[in-house]
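Trainee: Please find one structure pasted underneath; my questions will follow.
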There are 2 protein chains.
Amino acid sequence: MAAAPQRPARLAPQERRRQLLDAALVVVEADGFGGVSIEAIARGASVTRPVVYDLFGDLDRLMLALIERETDRALIALREILPDDPTGLDPDELLVRGMREFLEAVRLEPRTWRLVLLPPDGAPRALRARSTENRRRLAEEIATLLAWGLERRGGPSGLDHEIMARLLIASGEDAARVALDHPRRFSPARLADATRALLRLLPATAEAARP
Amino acid sequence: MAAAPQRPARLAPQERRRQLLDAALVVVEADGFGGVSIEAIARGASVTRPVVYDLFGDLDRLMLALIERETDRALIALREILPDDPTGLDPDELLVRGMREFLEAVRLEPRTWRLVLLPPDGAPRALRARSTENRRRLAEEIATLLAWGLERRGGPSGLDHEIMARLLIASGEDAARVALDHPRRFSPARLADATRALLRLLPATAEAARP
DNA sequence: GAGCGTTGTCACAGCGACGTAGCTACGTTA
DNA sequence: TAACGTAGCTACGTCGCTGTGACAACGCTC
């Protein structure tokens, strides 16, 4: 007997949108931005292309919606980790805990973070702007926290704050990538421990630095 | 009067290959791996597609040749910077000088390094393997040097060497990217100075670390 | 259970890139 | 200057993806 035409369940537009964005995310993860097409997304959701056109208009708007959703998810997760007001906290412990919680968040939503961490290379040009802007804002926040932490640790350190903030972010992103690629070998705990060991090496106050 | 058909100069195959790889490199820089096509490369070299097919067979082999050429260039530049035998050198000075020379090399051949530093996202799958392998080998070398440097600086440090090597590489790559994107604001000298300032913070020997 | 809005499909026209077969024109050599 | 080897081109068929307009099925309401 011939298989039934297998019509997909009728979904409310909101539901279908969600499902299509999920499908797009899977495509991006599998084939990068270059592999994304209306065709591929529709296939992934077991639906025909006109459905996608009805709900998103075109690929650009769909991808924009996807980036929007995923970067929002990521930023929300980060907001929960970064303290609004660090006053009274220990800067070293804050960094160690932040690193661990960040990597745990990454492990919880690997697809979201893989997309966010993808270098904006192949990404549609419109997306690069958004991605770059998000990073810039995040960098500012980190820079502020870093300045507070260094101050808290003991006076002027002679460090280039702008560069140190970048270094911190680059290290965090690299940690996230390695944690995504080799979750067993690089657990959040191990990476947090490494962070702690590094901080232990630093003198408690900048006055202790070599002349 | 109608413009002449503008036939391109007849080039020896070796020359034409070189020119086509240059054109491909430009395309990658402009549009990422996703923008690369036989069509685009041929256009960039003011030549028709069959020429490309004759010389490279297909896009994969062309891209493989390109990556080969560029990673070779990059690795050669790195070889000249990393010391074969660091015995007798000052580890801190070695790192600072290495950073500066590395960034100067990057500035000298921006296209090569931009390609090498592009995350392997959009890249053809075959290329990822090569890129990953190169990084692994480089990471091993850096790890060796790092172990030597830490030893030289004073006994066991409690650091996770594998992770510290990654951190060093991630920082170097980020420095290169920022130097490529904002050459005026982030000169090799500034980034080298930042490295030196950071090293100054570290106690001369691990014994000086806080308990 | 007839009517109707909504969800989804089919089918078609068009585009851009791929590969290839057959031809043209240039340069070298005799 | 005639012949030949080679660099390069034109032209064609194919493939996969894009949008869109006409049509079918579902399920809710009365």
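Identifiers in the structure tokens: chain A, B, ... in order shown; residue index from 1 per chain; ligand index from 1 in order shown.
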Which residues are close to region 11-24 of chain D, i.e. within 12 Å by only C-alpha atoms (C1' of nucleotides), leaving aside same-chain residues fewer than 2 positions away? Reply as a PDB file with C-alpha atoms (C1' of nucleotides), in the first residue's frame.

Mentor:
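Below you can see part19.pdb, which holds the result:
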ATOM      1  CA  ARG A   7       0.538  15.931   5.542  1.00  0.00           C
ATOM      2  CA  GLY A  35      24.407  25.907   3.722  1.00  0.00           C
ATOM      3  CA  VAL A  36      21.273  27.792   4.667  1.00  0.00           C
ATOM      4  CA  SER A  37      18.490  28.064   2.088  1.00  0.00           C
ATOM      5  CA  ILE A  38      14.715  28.282   2.176  1.00  0.00           C
ATOM      6  CA  GLU A  39      14.733  24.865   0.593  1.00  0.00           C
ATOM      7  CA  ALA A  40      16.934  23.330   3.302  1.00  0.00           C
ATOM      8  CA  ILE A  41      14.951  24.883   6.127  1.00  0.00           C
ATOM      9  CA  ARG A  49       8.736  26.261   0.752  1.00  0.00           C
ATOM     10  CA  PRO A  50       5.658  28.467   0.411  1.00  0.00           C
ATOM     11  CA  VAL A  51       5.040  27.937   4.106  1.00  0.00           C
ATOM     12  CA  VAL A  52       8.351  29.558   4.856  1.00  0.00           C
ATOM     13  CA  TYR A  53       7.633  32.436   2.510  1.00  0.00           C
ATOM     14  CA  ASP A  54       4.253  33.015   4.141  1.00  0.00           C
ATOM     15  CA  GLY A  57       8.860  36.708   3.605  1.00  0.00           C
ATOM     16  CA  ASP A  58      12.383  35.802   2.602  1.00  0.00           C
ATOM     17  CA  LEU A  59      15.583  34.218   3.819  1.00  0.00           C
TER      18      LEU A  59
ATOM     19  C1'  DT C   7      -2.929  25.963   6.696  1.00  0.00           C
ATOM     20  C1'  DG C   8      -0.413  23.888   3.448  1.00  0.00           C
ATOM     21  C1'  DT C   9       0.725  21.876  -1.449  1.00  0.00           C
ATOM     22  C1'  DC C  10       1.566  21.794  -6.557  1.00  0.00           C
ATOM     23  C1'  DA C  11       3.376  23.468 -10.460  1.00  0.00           C
ATOM     24  C1'  DC C  12       5.669  26.818 -13.176  1.00  0.00           C
ATOM     25  C1'  DA C  13       8.851  30.411 -14.674  1.00  0.00           C
ATOM     26  C1'  DG C  14      13.309  32.311 -13.847  1.00  0.00           C
ATOM     27  C1'  DC C  15      18.112  32.721 -12.351  1.00  0.00           C
ATOM     28  C1'  DG C  16      22.810  31.728 -11.429  1.00  0.00           C
ATOM     29  C1'  DA C  17      26.322  28.508 -11.166  1.00  0.00           C
ATOM     30  C1'  DC C  18      28.216  24.086 -12.871  1.00  0.00           C
ATOM     31  C1'  DG C  19      30.701  21.169 -16.244  1.00  0.00           C
ATOM     32  C1'  DT C  20      31.807  19.962 -20.989  1.00  0.00           C
ATOM     33  C1'  DA C  21      32.330  19.726 -26.154  1.00  0.00           C
ATOM     34  C1'  DG C  22      33.830  21.948 -29.895  1.00  0.00           C
ATOM     35  C1'  DC C  23      35.847  25.906 -31.815  1.00  0.00           C
TER      36       DC C  23
ATOM     37  C1'  DC D   9      36.291  31.363 -25.676  1.00  0.00           C
ATOM     38  C1'  DC D  26      -8.351  20.569   7.380  1.00  0.00           C
TER      39       DC D  26
END

Trainee: Which residues are near DG27 (chain C)? Cut-off 10 Å, only C-alpha atoms (C1' of nucleotides), ignore same chain within fewer than 2 positions. Put them as a count of residues only.

Mentor: 5

Trainee: Using DSSP assignments from the backbone, pull out every residue in chain A that falls under alpha helix (DSSP H) and give it to me as a ChimeraX atom specification.

Mentor: /A:13-31,38-44,49-56,59-81,91-108,110-117,125-154,161-181,188-201

Trainee: Just the residues within 9 Å of Val116 (chain A), please, counting only C-alpha atoms (C1' of nucleotides), with nothing from its chain fewer than 5 positions along; format it as number ranges by chain.

Mentor: A: 67, 70-71, 74, 111, 131

Trainee: Pull N, CA and C atoms from the residues just selected and write them as a PDB file, in the first residue's frame.

Mentor:
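out32.pdb, freshly written:
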ATOM      1  N   ILE A  67      18.850  35.079  14.319  1.00  0.00           N
ATOM      2  CA  ILE A  67      19.934  35.724  15.064  1.00  0.00           C
ATOM      3  C   ILE A  67      19.375  36.471  16.259  1.00  0.00           C
ATOM      4  N   GLU A  70      18.435  33.988  18.973  1.00  0.00           N
ATOM      5  CA  GLU A  70      19.565  33.312  19.604  1.00  0.00           C
ATOM      6  C   GLU A  70      20.448  34.274  20.395  1.00  0.00           C
ATOM      7  N   THR A  71      20.699  35.440  19.830  1.00  0.00           N
ATOM      8  CA  THR A  71      21.526  36.380  20.597  1.00  0.00           C
ATOM      9  C   THR A  71      20.777  36.834  21.842  1.00  0.00           C
ATOM     10  N   ALA A  74      21.284  34.192  24.372  1.00  0.00           N
ATOM     11  CA  ALA A  74      22.649  34.224  24.894  1.00  0.00           C
ATOM     12  C   ALA A  74      22.836  35.389  25.859  1.00  0.00           C
ATOM     13  N   ARG A 111      23.564  24.606  20.721  1.00  0.00           N
ATOM     14  CA  ARG A 111      23.292  25.158  19.385  1.00  0.00           C
ATOM     15  C   ARG A 111      23.248  26.674  19.404  1.00  0.00           C
ATOM     16  N   SER A 131      26.004  41.340  15.383  1.00  0.00           N
ATOM     17  CA  SER A 131      26.920  40.544  16.173  1.00  0.00           C
ATOM     18  C   SER A 131      28.050  41.407  16.728  1.00  0.00           C
TER      19      SER A 131
END

Trainee: CA of Ala143 (chain A) and CA of Ala165 (chain A) are how many Å apart?

Mentor: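 Computing it gives 5.1 Å between the two atoms.
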
Trainee: Using only C-alpha atoms (C1' of nucleotides), find the one residue out of B:Arg196, B:Pro8, B:Arg137, B:Ala23 that sits nearest to chain C.

Mentor: B:Pro8

Trainee: If you count only C-alpha atoms (C1' of nucleotides), which residues fall within 9 Å of Asp90 (chain B), apart from same-chain ones fewer than 3 positions away, as a PyMOL selection string?

Mentor: chain B and resi 86-87+93-95+149+152-153

Trainee: Could the residues in this selection be saved with C-alpha atoms as an mmCIF file, in the first residue's frame?

Mentor:
data_model
loop_
_atom_site.group_PDB
_atom_site.id
_atom_site.type_symbol
_atom_site.label_atom_id
_atom_site.label_comp_id
_atom_site.auth_asym_id
_atom_site.auth_seq_id
_atom_site.Cartn_x
_atom_site.Cartn_y
_atom_site.Cartn_z
ATOM 1 C CA PRO B 86 65.256 28.689 23.513
ATOM 2 C CA THR B 87 68.037 27.685 25.911
ATOM 3 C CA GLU B 93 61.337 38.728 26.550
ATOM 4 C CA LEU B 94 60.861 35.834 24.154
ATOM 5 C CA LEU B 95 57.089 36.068 24.436
ATOM 6 C CA GLY B 149 59.174 29.097 30.032
ATOM 7 C CA ARG B 152 62.595 28.572 33.589
ATOM 8 C CA ARG B 153 60.597 31.111 35.560
#

Trainee: For CA of Leu108 (chain B) and CA of Leu78 (chain B), quote the distance in Å rounded to one decimal.

Mentor: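 Rounded to one decimal, the two atoms are 12.9 Å apart.
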